[in-house]
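Colleague: Have a look at this one.
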Number of protein chains: 2
Amino acid sequence: MPRVVYLGPEGTFSEQAARALGRAEVLPGGSALAPSATIDEAVRAVSGTSDAEPTAELAVVPVENSVEGSVVATLDALSSGAPTVAVAETVLPVRFSVLTRPGTTLDRVRTVATHPHAAAQVRNWLAENVPRAAVLPSTSTAAAARSVRDGEVDASVSTPVAAEHYGLAAVAEDVADVRHAETRFLLLSRPVAPPPPTGWDRTSIAVVLPNHPGSLAGALHELALRDISLSRIESRPTRNRLGEYRFFLDLDGHVGESRMADGLAALRRRCVTVRFLGSFAKADAIPRVHGPDEGRHTSDEVFAEASAWVRAVREGREV
Amino acid sequence: MPRVVYLGPEGTFSEQAARALGRAEVLPGGSALAPSATIDEAVRAVSGTSDAEPTAELAVVPVENSVEGSVVATLDALSSGAPTVAVAETVLPVRFSVLTRPGTTLDRVRTVATHPHAAAQVRNWLAENVPRAAVLPSTSTAAAARSVRDGEVDASVSTPVAAEHYGLAAVAEDVADVRHAETRFLLLSRPVAPPPPTGWDRTSIAVVLPNHPGSLAGALHELALRDISLSRIESRPTRNRLGEYRFFLDLDGHVGESRMADGLAALRRRCVTVRFLGSFAKADAIPRVHGPDEGRHTSDEVFAEASAWVRAVREGREV
């Protein structure tokens, strides 16, 4: 039975993301879900370490939140240790449920537990709907639900899936001060051939560049020359050498396309290191602006014709 | 008396950063420190809003942590609303003190409160030194210290400065699992002329680029052509238009230098918007690699000579 770990404990948004991937039949049939204590533990369960064999086939971890930004623990885990690749992604809206023990109504709630991050995202809602309730911090939104079950507090701000785990009732759903906040999750595997291109794909890489002015501009020009758009860039100090940076890039396209394969090869020539983090279908639906000439000199056909021509020239054949 | 707000409550690392800036005589003499509930509130206290006059001269907020990455709330506050500029920065090592009521020794500690972020950074230390203690979450490391004072828990993991505010004793200092973790803080002001160049300066900007492949590469090339190094880059969706991104850039150099002034003008021509977030002395000491030709065509003298020559050509003077 394939084992799929997610950032736990039970009842987190990561579990909800894993279930969504299961419903979409992205997970293999009969997959068993299991929580991990930390993001690093989830990634190492899939990749293994120098001391330990892998204990799971796949892992589901958050990578980016529209309000909080990148999940740095995930970026650091992906770029160090034994490699893994993302084979799919899913995006969840950040909407909380307010959970109570069955029978407790909202007007009876005097104490509400949740994680401080979640508290910050529902502050206005709580002020309007339970103005007299004290808000108590917990280590996760799932732990908050557990403390409701255990009778320690009246209500929690948790994920919808936590209601099931802890036998609670939702007295309010879709609670969020910031509308349209969402979190993107990756499904990680040991290195495998990427899923086939869909025409709407993301390629993620982590590169370390030589430490001189213009090295990043040069690398991005290699991509631009091949009509490859960036949808994300972020620098992190490598901590190996002072002044050395690792850049996390999300590119529009799939390594199965010639322009992307050629662009990644160009980066490989220019960069100190390039780690491939996956090519997979994008879960969001942000339309892309195509320039009038786009594709004219970067389609697979044009790449194939150009390679054939150079081969012919080298071999002295008629061209 | 100049009013300086910091991200509160009393006893946070931001207060400690504000005090460090006071000791270094970067704050005006006689400054009064006051806590703010949120980062946005601290920034708005300085900038004012359409509804409210400014209530403080300066603000101290965290901008970047070496373990957690950028503080997105600060980036978002700096790039929206009425403008502010950073006039100084300071870097603090992330080291906690374990605080108890005077007379309580470590072996008597059965409950320890702290913020979940801090708990993650001292987990190993607690497991080794107080293995039998329960770790309880609090809304901030300062709130944890307050709950020690109030007799609710035995100890807190807090900042050194919290001991003073809450009349506590430090039973352990310099506690941190991750060595060399540090946080960078900015001192914000309403727009003013930047402090003079020191030769070791940072210039921060936020730019929105046109949505087409190569626009970022082009912008970075403008900087590289002028020997301007990047020390940080990060993209954030603008939420105004789908597929539109804001980039936060930290550049080595000062707007008072010709190459930087010329580079910023070039970005101003290329970008949808450019917001200047300050030129100020860098607090860290990462050495910079200078290429053999660096400065040969980008010194102030070379810029002045080139401008004079173009002026002469335009005026038909002997050159």
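Scheme for the structure tokens: letters A, B, ... for chains in order shown; per-chain residue numbers from 1; ligand numbers from 1 in order shown.
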Could you fit chain A onto chain B with a least-squares superposition over all C-alpha atoms, matched one to one in order, and give me the transformed chain as an mmCIF file with C-alpha atoms, in the first residue's frame?
Modeller:
```cif
data_model
loop_
_atom_site.group_PDB
_atom_site.id
_atom_site.type_symbol
_atom_site.label_atom_id
_atom_site.label_comp_id
_atom_site.auth_asym_id
_atom_site.auth_seq_id
_atom_site.Cartn_x
_atom_site.Cartn_y
_atom_site.Cartn_z
ATOM 1 C CA MET A 1 10.408 64.313 22.436
ATOM 2 C CA PRO A 2 10.770 62.219 19.218
ATOM 3 C CA ARG A 3 8.509 59.145 19.340
ATOM 4 C CA VAL A 4 9.899 55.827 18.046
ATOM 5 C CA VAL A 5 7.472 52.898 17.687
ATOM 6 C CA TYR A 6 8.543 49.252 17.450
ATOM 7 C CA LEU A 7 6.735 45.966 16.850
ATOM 8 C CA GLY A 8 5.472 45.161 20.346
ATOM 9 C CA PRO A 9 4.512 44.153 22.919
ATOM 10 C CA GLU A 10 7.243 45.335 25.312
ATOM 11 C CA GLY A 11 10.114 42.872 25.456
ATOM 12 C CA THR A 12 10.279 41.837 21.770
ATOM 13 C CA PHE A 13 13.386 41.572 19.593
ATOM 14 C CA SER A 14 12.122 44.726 17.851
ATOM 15 C CA GLU A 15 12.350 46.623 21.139
ATOM 16 C CA GLN A 16 15.848 45.223 21.593
ATOM 17 C CA ALA A 17 16.727 46.437 18.062
ATOM 18 C CA ALA A 18 15.315 49.902 18.869
ATOM 19 C CA ARG A 19 17.451 50.057 22.011
ATOM 20 C CA ALA A 20 20.551 48.990 20.041
ATOM 21 C CA LEU A 21 19.892 51.835 17.573
ATOM 22 C CA GLY A 22 19.531 54.201 20.555
ATOM 23 C CA ARG A 23 22.851 53.073 22.073
ATOM 24 C CA ALA A 24 24.544 53.545 18.672
ATOM 25 C CA GLU A 25 23.139 57.112 18.683
ATOM 26 C CA VAL A 26 21.246 56.468 15.472
ATOM 27 C CA LEU A 27 18.011 57.549 17.198
ATOM 28 C CA PRO A 28 17.712 61.262 18.044
ATOM 29 C CA GLY A 29 18.595 62.113 21.670
ATOM 30 C CA GLY A 30 15.683 61.816 24.109
ATOM 31 C CA SER A 31 13.672 59.461 21.872
ATOM 32 C CA ALA A 32 10.751 57.771 23.616
ATOM 33 C CA LEU A 33 10.098 54.131 22.635
ATOM 34 C CA ALA A 34 6.533 52.801 22.337
ATOM 35 C CA PRO A 35 5.153 49.418 21.227
ATOM 36 C CA SER A 36 2.800 48.899 18.219
ATOM 37 C CA ALA A 37 0.365 45.978 17.965
ATOM 38 C CA THR A 38 1.275 45.048 14.366
ATOM 39 C CA ILE A 39 3.910 45.784 11.725
ATOM 40 C CA ASP A 40 1.359 47.625 9.610
ATOM 41 C CA GLU A 41 0.402 49.799 12.588
ATOM 42 C CA ALA A 42 4.075 50.656 13.204
ATOM 43 C CA VAL A 43 4.614 51.673 9.545
ATOM 44 C CA ARG A 44 1.355 53.711 9.459
ATOM 45 C CA ALA A 45 2.333 55.485 12.690
ATOM 46 C CA VAL A 46 5.251 56.967 10.722
ATOM 47 C CA SER A 47 3.700 57.421 7.275
ATOM 48 C CA GLY A 48 0.211 58.460 8.370
ATOM 49 C CA THR A 49 -2.803 57.404 6.288
ATOM 50 C CA SER A 50 -5.507 59.192 4.315
ATOM 51 C CA ASP A 51 -7.517 59.295 7.568
ATOM 52 C CA ALA A 52 -4.842 59.853 10.191
ATOM 53 C CA GLU A 53 -1.836 62.096 10.751
ATOM 54 C CA PRO A 54 1.481 60.412 11.657
ATOM 55 C CA THR A 55 1.872 59.722 15.374
ATOM 56 C CA ALA A 56 5.598 58.827 15.429
ATOM 57 C CA GLU A 57 8.819 60.081 13.856
ATOM 58 C CA LEU A 58 10.454 56.670 13.419
ATOM 59 C CA ALA A 59 9.581 52.958 13.477
ATOM 60 C CA VAL A 60 11.639 49.787 14.031
ATOM 61 C CA VAL A 61 10.360 46.628 12.286
ATOM 62 C CA PRO A 62 11.920 43.254 11.366
ATOM 63 C CA VAL A 63 12.518 42.755 7.621
ATOM 64 C CA GLU A 64 14.426 39.475 7.253
ATOM 65 C CA ASN A 65 15.385 36.453 9.333
ATOM 66 C CA SER A 66 18.148 34.093 8.279
ATOM 67 C CA VAL A 67 16.050 31.021 9.157
ATOM 68 C CA GLU A 68 12.493 32.131 8.374
ATOM 69 C CA GLY A 69 13.235 34.373 5.352
ATOM 70 C CA SER A 70 11.619 37.713 4.585
ATOM 71 C CA VAL A 71 9.013 39.258 6.845
ATOM 72 C CA VAL A 72 6.249 39.541 4.279
ATOM 73 C CA ALA A 73 4.105 41.860 6.420
ATOM 74 C CA THR A 74 6.943 44.406 6.355
ATOM 75 C CA LEU A 75 7.493 44.128 2.583
ATOM 76 C CA ASP A 76 3.758 44.568 1.967
ATOM 77 C CA ALA A 77 3.525 47.564 4.328
ATOM 78 C CA LEU A 78 6.570 49.266 2.731
ATOM 79 C CA SER A 79 5.255 48.871 -0.809
ATOM 80 C CA SER A 80 1.695 50.109 -0.186
ATOM 81 C CA GLY A 81 0.070 53.153 1.412
ATOM 82 C CA ALA A 82 1.892 56.416 2.080
ATOM 83 C CA PRO A 83 5.649 56.019 1.521
ATOM 84 C CA THR A 84 8.345 55.600 4.156
ATOM 85 C CA VAL A 85 12.098 55.097 3.709
ATOM 86 C CA ALA A 86 14.630 53.136 5.724
ATOM 87 C CA VAL A 87 17.373 55.390 7.106
ATOM 88 C CA ALA A 88 19.306 52.710 9.040
ATOM 89 C CA GLU A 89 19.342 48.985 9.771
ATOM 90 C CA THR A 90 20.597 46.776 12.561
ATOM 91 C CA VAL A 91 21.142 43.025 12.805
ATOM 92 C CA LEU A 92 20.486 41.054 16.014
ATOM 93 C CA PRO A 93 21.535 37.474 16.681
ATOM 94 C CA VAL A 94 18.482 35.316 17.511
ATOM 95 C CA ARG A 95 19.402 34.192 21.011
ATOM 96 C CA PHE A 96 16.864 33.606 23.689
ATOM 97 C CA SER A 97 16.975 33.826 27.459
ATOM 98 C CA VAL A 98 15.127 31.357 29.650
ATOM 99 C CA LEU A 99 13.356 33.444 32.279
ATOM 100 C CA THR A 100 11.917 32.451 35.661
ATOM 101 C CA ARG A 101 10.700 34.251 38.728
ATOM 102 C CA PRO A 102 13.751 35.130 40.883
ATOM 103 C CA GLY A 103 14.744 32.138 43.012
ATOM 104 C CA THR A 104 13.373 29.438 40.675
ATOM 105 C CA THR A 105 16.133 27.151 39.390
ATOM 106 C CA LEU A 106 16.081 25.229 36.116
ATOM 107 C CA ASP A 107 15.573 21.822 37.791
ATOM 108 C CA ARG A 108 12.276 23.101 39.272
ATOM 109 C CA VAL A 109 10.824 24.061 35.875
ATOM 110 C CA ARG A 110 7.827 21.924 34.822
ATOM 111 C CA THR A 111 6.144 24.307 32.328
ATOM 112 C CA VAL A 112 7.783 26.563 29.707
ATOM 113 C CA ALA A 113 5.816 29.084 27.636
ATOM 114 C CA THR A 114 6.943 30.677 24.357
ATOM 115 C CA HIS A 115 5.804 31.611 20.842
ATOM 116 C CA PRO A 116 5.645 28.567 18.508
ATOM 117 C CA HIS A 117 8.349 30.090 16.218
ATOM 118 C CA ALA A 118 10.725 30.432 19.162
ATOM 119 C CA ALA A 119 9.798 26.932 20.381
ATOM 120 C CA ALA A 120 10.903 25.542 17.010
ATOM 121 C CA GLN A 121 14.286 27.255 17.412
ATOM 122 C CA VAL A 122 15.044 25.928 20.918
ATOM 123 C CA ARG A 123 13.479 22.451 20.741
ATOM 124 C CA ASN A 124 16.768 20.581 21.171
ATOM 125 C CA TRP A 125 17.914 22.814 24.004
ATOM 126 C CA LEU A 126 14.672 22.245 25.948
ATOM 127 C CA ALA A 127 14.825 18.467 25.347
ATOM 128 C CA GLU A 128 18.343 18.369 26.809
ATOM 129 C CA ASN A 129 17.985 20.841 29.655
ATOM 130 C CA VAL A 130 14.377 20.537 30.871
ATOM 131 C CA PRO A 131 13.351 17.134 29.451
ATOM 132 C CA ARG A 132 10.348 16.807 31.770
ATOM 133 C CA ALA A 133 8.893 20.291 31.153
ATOM 134 C CA ALA A 134 5.721 20.783 29.098
ATOM 135 C CA VAL A 135 6.081 23.459 26.391
ATOM 136 C CA LEU A 136 3.030 25.731 26.176
ATOM 137 C CA PRO A 137 2.362 28.114 23.282
ATOM 138 C CA SER A 138 1.922 31.868 23.774
ATOM 139 C CA THR A 139 1.093 34.709 21.376
ATOM 140 C CA SER A 140 4.599 36.233 21.652
ATOM 141 C CA THR A 141 7.811 35.642 23.577
ATOM 142 C CA ALA A 142 6.910 38.759 25.580
ATOM 143 C CA ALA A 143 3.457 37.400 26.501
ATOM 144 C CA ALA A 144 5.220 34.229 27.673
ATOM 145 C CA ALA A 145 7.367 36.298 30.065
ATOM 146 C CA ARG A 146 4.239 38.024 31.371
ATOM 147 C CA SER A 147 2.657 34.650 32.150
ATOM 148 C CA VAL A 148 5.762 33.713 34.184
ATOM 149 C CA ARG A 149 5.425 36.930 36.181
ATOM 150 C CA ASP A 150 1.738 36.174 36.736
ATOM 151 C CA GLY A 151 2.597 32.713 38.105
ATOM 152 C CA GLU A 152 0.815 30.824 35.308
ATOM 153 C CA VAL A 153 3.945 28.980 34.130
ATOM 154 C CA ASP A 154 7.401 28.297 35.589
ATOM 155 C CA ALA A 155 9.579 29.639 32.769
ATOM 156 C CA SER A 156 9.514 31.377 29.394
ATOM 157 C CA VAL A 157 11.776 31.449 26.336
ATOM 158 C CA SER A 158 11.989 35.182 25.680
ATOM 159 C CA THR A 159 14.281 38.028 24.712
ATOM 160 C CA PRO A 160 16.895 39.213 27.233
ATOM 161 C CA VAL A 161 15.088 42.587 27.450
ATOM 162 C CA ALA A 162 11.863 40.920 28.638
ATOM 163 C CA ALA A 163 13.534 40.054 31.974
ATOM 164 C CA GLU A 164 13.613 43.753 32.879
ATOM 165 C CA HIS A 165 10.044 44.489 31.873
ATOM 166 C CA TYR A 166 8.573 41.646 33.864
ATOM 167 C CA GLY A 167 10.975 41.502 36.836
ATOM 168 C CA LEU A 168 12.325 38.048 35.937
ATOM 169 C CA ALA A 169 15.708 36.320 36.217
ATOM 170 C CA ALA A 170 17.589 34.650 33.334
ATOM 171 C CA VAL A 171 18.461 31.046 34.280
ATOM 172 C CA ALA A 172 19.998 30.501 30.818
ATOM 173 C CA GLU A 173 21.211 32.912 28.121
ATOM 174 C CA ASP A 174 22.269 32.657 24.465
ATOM 175 C CA VAL A 175 19.890 29.747 23.917
ATOM 176 C CA ALA A 176 19.419 28.751 20.224
ATOM 177 C CA ASP A 177 19.542 25.417 18.353
ATOM 178 C CA VAL A 178 20.469 27.102 15.074
ATOM 179 C CA ARG A 179 23.795 28.875 15.482
ATOM 180 C CA HIS A 180 24.248 32.188 13.652
ATOM 181 C CA ALA A 181 20.513 32.765 13.144
ATOM 182 C CA GLU A 182 19.918 36.504 12.961
ATOM 183 C CA THR A 183 17.217 39.045 12.203
ATOM 184 C CA ARG A 184 17.637 42.319 10.327
ATOM 185 C CA PHE A 185 15.565 45.342 11.401
ATOM 186 C CA LEU A 186 14.880 48.602 9.541
ATOM 187 C CA LEU A 187 14.552 52.071 11.030
ATOM 188 C CA LEU A 188 11.800 53.795 9.019
ATOM 189 C CA SER A 189 11.125 57.501 8.541
ATOM 190 C CA ARG A 190 8.871 59.622 6.351
ATOM 191 C CA PRO A 191 10.689 60.341 3.056
ATOM 192 C CA VAL A 192 13.873 62.349 3.760
ATOM 193 C CA ALA A 193 17.231 62.761 2.008
ATOM 194 C CA PRO A 194 19.218 59.560 2.684
ATOM 195 C CA PRO A 195 22.118 59.576 5.174
ATOM 196 C CA PRO A 196 25.483 60.196 3.404
ATOM 197 C CA PRO A 197 27.198 57.244 1.668
ATOM 198 C CA THR A 198 29.617 55.225 3.820
ATOM 199 C CA GLY A 199 31.115 53.044 1.063
ATOM 200 C CA TRP A 200 29.260 50.041 2.491
ATOM 201 C CA ASP A 201 25.620 50.786 1.784
ATOM 202 C CA ARG A 202 22.411 49.071 0.830
ATOM 203 C CA THR A 203 19.738 50.513 -1.466
ATOM 204 C CA SER A 204 16.292 48.896 -1.261
ATOM 205 C CA ILE A 205 13.615 49.285 -3.930
ATOM 206 C CA ALA A 206 10.277 47.708 -4.879
ATOM 207 C CA VAL A 207 9.499 47.575 -8.603
ATOM 208 C CA VAL A 208 6.555 46.367 -10.684
ATOM 209 C CA LEU A 209 7.598 45.135 -14.120
ATOM 210 C CA PRO A 210 5.639 44.849 -17.361
ATOM 211 C CA ASN A 211 4.184 41.334 -17.708
ATOM 212 C CA HIS A 212 6.283 39.841 -20.525
ATOM 213 C CA PRO A 213 9.192 37.386 -20.687
ATOM 214 C CA GLY A 214 12.527 39.122 -20.289
ATOM 215 C CA SER A 215 11.337 42.227 -18.439
ATOM 216 C CA LEU A 216 13.129 41.158 -15.245
ATOM 217 C CA ALA A 217 16.248 40.070 -17.145
ATOM 218 C CA GLY A 218 16.301 43.504 -18.839
ATOM 219 C CA ALA A 219 15.962 45.345 -15.536
ATOM 220 C CA LEU A 220 18.733 43.301 -13.898
ATOM 221 C CA HIS A 221 20.972 43.875 -16.923
ATOM 222 C CA GLU A 222 20.619 47.634 -16.413
ATOM 223 C CA LEU A 223 22.031 47.089 -12.917
ATOM 224 C CA ALA A 224 24.760 44.660 -13.988
ATOM 225 C CA LEU A 225 25.971 47.039 -16.732
ATOM 226 C CA ARG A 226 26.619 49.564 -13.953
ATOM 227 C CA ASP A 227 28.431 47.040 -11.678
ATOM 228 C CA ILE A 228 25.574 47.022 -9.165
ATOM 229 C CA SER A 229 25.343 43.749 -7.186
ATOM 230 C CA LEU A 230 22.097 42.335 -5.855
ATOM 231 C CA SER A 231 22.057 40.971 -2.320
ATOM 232 C CA ARG A 232 18.376 40.010 -2.304
ATOM 233 C CA ILE A 233 15.505 39.495 -4.723
ATOM 234 C CA GLU A 234 11.996 38.335 -4.003
ATOM 235 C CA SER A 235 8.803 38.352 -6.049
ATOM 236 C CA ARG A 236 5.281 38.871 -4.665
ATOM 237 C CA PRO A 237 2.060 38.850 -6.715
ATOM 238 C CA THR A 238 0.671 42.422 -6.743
ATOM 239 C CA ARG A 239 -2.970 41.274 -6.413
ATOM 240 C CA ASN A 240 -3.869 44.234 -8.666
ATOM 241 C CA ARG A 241 -3.586 42.429 -11.976
ATOM 242 C CA LEU A 242 -3.300 38.690 -12.504
ATOM 243 C CA GLY A 243 0.212 37.665 -13.470
ATOM 244 C CA GLU A 244 1.677 41.007 -12.334
ATOM 245 C CA TYR A 245 4.535 40.826 -9.837
ATOM 246 C CA ARG A 246 6.296 43.193 -7.506
ATOM 247 C CA PHE A 247 10.014 42.549 -6.979
ATOM 248 C CA PHE A 248 11.852 43.577 -3.838
ATOM 249 C CA LEU A 249 15.511 44.216 -4.566
ATOM 250 C CA ASP A 250 18.417 44.974 -2.231
ATOM 251 C CA LEU A 251 21.330 46.508 -4.119
ATOM 252 C CA ASP A 252 24.919 47.098 -2.962
ATOM 253 C CA GLY A 253 25.553 50.855 -3.122
ATOM 254 C CA HIS A 254 24.004 54.238 -2.386
ATOM 255 C CA VAL A 255 21.753 56.491 -4.470
ATOM 256 C CA GLY A 256 24.344 59.245 -3.863
ATOM 257 C CA GLU A 257 26.743 57.349 -6.185
ATOM 258 C CA SER A 258 26.427 58.150 -9.905
ATOM 259 C CA ARG A 259 26.224 54.495 -10.995
ATOM 260 C CA MET A 260 23.303 53.870 -8.596
ATOM 261 C CA ALA A 261 21.492 57.102 -9.541
ATOM 262 C CA ASP A 262 21.894 56.209 -13.221
ATOM 263 C CA GLY A 263 20.787 52.599 -12.614
ATOM 264 C CA LEU A 264 17.664 53.660 -10.719
ATOM 265 C CA ALA A 265 16.795 56.128 -13.513
ATOM 266 C CA ALA A 266 17.115 53.264 -16.027
ATOM 267 C CA LEU A 267 14.746 51.122 -13.925
ATOM 268 C CA ARG A 268 12.357 54.063 -13.685
ATOM 269 C CA ARG A 269 12.209 54.124 -17.504
ATOM 270 C CA ARG A 270 11.632 50.348 -17.775
ATOM 271 C CA CYS A 271 9.331 49.551 -14.840
ATOM 272 C CA VAL A 272 5.618 50.151 -14.336
ATOM 273 C CA THR A 273 6.397 51.567 -10.877
ATOM 274 C CA VAL A 274 9.567 51.997 -8.784
ATOM 275 C CA ARG A 275 9.343 52.769 -5.092
ATOM 276 C CA PHE A 276 12.552 53.892 -3.354
ATOM 277 C CA LEU A 277 12.778 52.259 0.092
ATOM 278 C CA GLY A 278 16.055 53.840 1.241
ATOM 279 C CA SER A 279 19.878 54.003 0.971
ATOM 280 C CA PHE A 280 21.639 53.384 4.294
ATOM 281 C CA ALA A 281 24.734 51.788 5.849
ATOM 282 C CA LYS A 282 24.730 47.972 5.880
ATOM 283 C CA ALA A 283 24.880 46.384 9.318
ATOM 284 C CA ASP A 284 26.350 43.060 8.204
ATOM 285 C CA ALA A 285 29.880 42.457 7.065
ATOM 286 C CA ILE A 286 29.699 40.110 4.085
ATOM 287 C CA PRO A 287 32.744 40.871 1.929
ATOM 288 C CA ARG A 288 32.085 41.662 -1.713
ATOM 289 C CA VAL A 289 33.997 40.149 -4.622
ATOM 290 C CA HIS A 290 35.281 42.858 -6.954
ATOM 291 C CA GLY A 291 35.920 41.868 -10.570
ATOM 292 C CA PRO A 292 39.267 43.026 -12.051
ATOM 293 C CA ASP A 293 37.605 45.749 -14.170
ATOM 294 C CA GLU A 294 35.029 46.808 -11.619
ATOM 295 C CA GLY A 295 34.682 50.539 -11.154
ATOM 296 C CA ARG A 296 36.795 51.238 -14.238
ATOM 297 C CA HIS A 297 33.737 52.434 -16.152
ATOM 298 C CA THR A 298 31.333 53.126 -13.245
ATOM 299 C CA SER A 299 33.110 55.532 -10.861
ATOM 300 C CA ASP A 300 31.616 58.982 -10.192
ATOM 301 C CA GLU A 301 34.585 60.572 -12.062
ATOM 302 C CA VAL A 302 34.028 58.458 -15.163
ATOM 303 C CA PHE A 303 30.295 59.279 -15.105
ATOM 304 C CA ALA A 304 31.065 63.023 -14.766
ATOM 305 C CA GLU A 305 33.616 62.977 -17.608
ATOM 306 C CA ALA A 306 31.211 61.104 -19.903
ATOM 307 C CA SER A 307 28.361 63.560 -19.192
ATOM 308 C CA ALA A 308 30.658 66.517 -19.799
ATOM 309 C CA TRP A 309 31.754 65.023 -23.126
ATOM 310 C CA VAL A 310 28.154 64.494 -24.331
ATOM 311 C CA ARG A 311 27.324 68.066 -23.297
ATOM 312 C CA ALA A 312 30.311 69.351 -25.257
ATOM 313 C CA VAL A 313 29.340 67.354 -28.356
ATOM 314 C CA ARG A 314 25.786 68.695 -28.209
ATOM 315 C CA GLU A 315 27.072 72.263 -27.911
ATOM 316 C CA GLY A 316 29.550 71.890 -30.771
ATOM 317 C CA ARG A 317 32.512 72.550 -28.497
ATOM 318 C CA GLU A 318 36.012 71.182 -29.090
ATOM 319 C CA VAL A 319 36.288 67.693 -27.492
#
```
Colleague: Run DSSP on the backbone and tell me which residues of range 36-271 of chain B come out as helix (DSSP H, G or I); list them as a ChimeraX atom specification.
Modeller: /B:39-47,72-79,106-108,116-121,123-129,141-149,160-166,215-225,258-270
Colleague: Determine which residues of range 61-225 of chain A receive a DSSP assignment of strand (DSSP E), computed from the backbone, and state them as a VMD selection string.
Modeller: chain A and resid 61 to 65 69 to 70 85 to 93 96 to 100 111 to 114 134 to 137 155 to 158 169 to 175 182 to 189 201 to 208
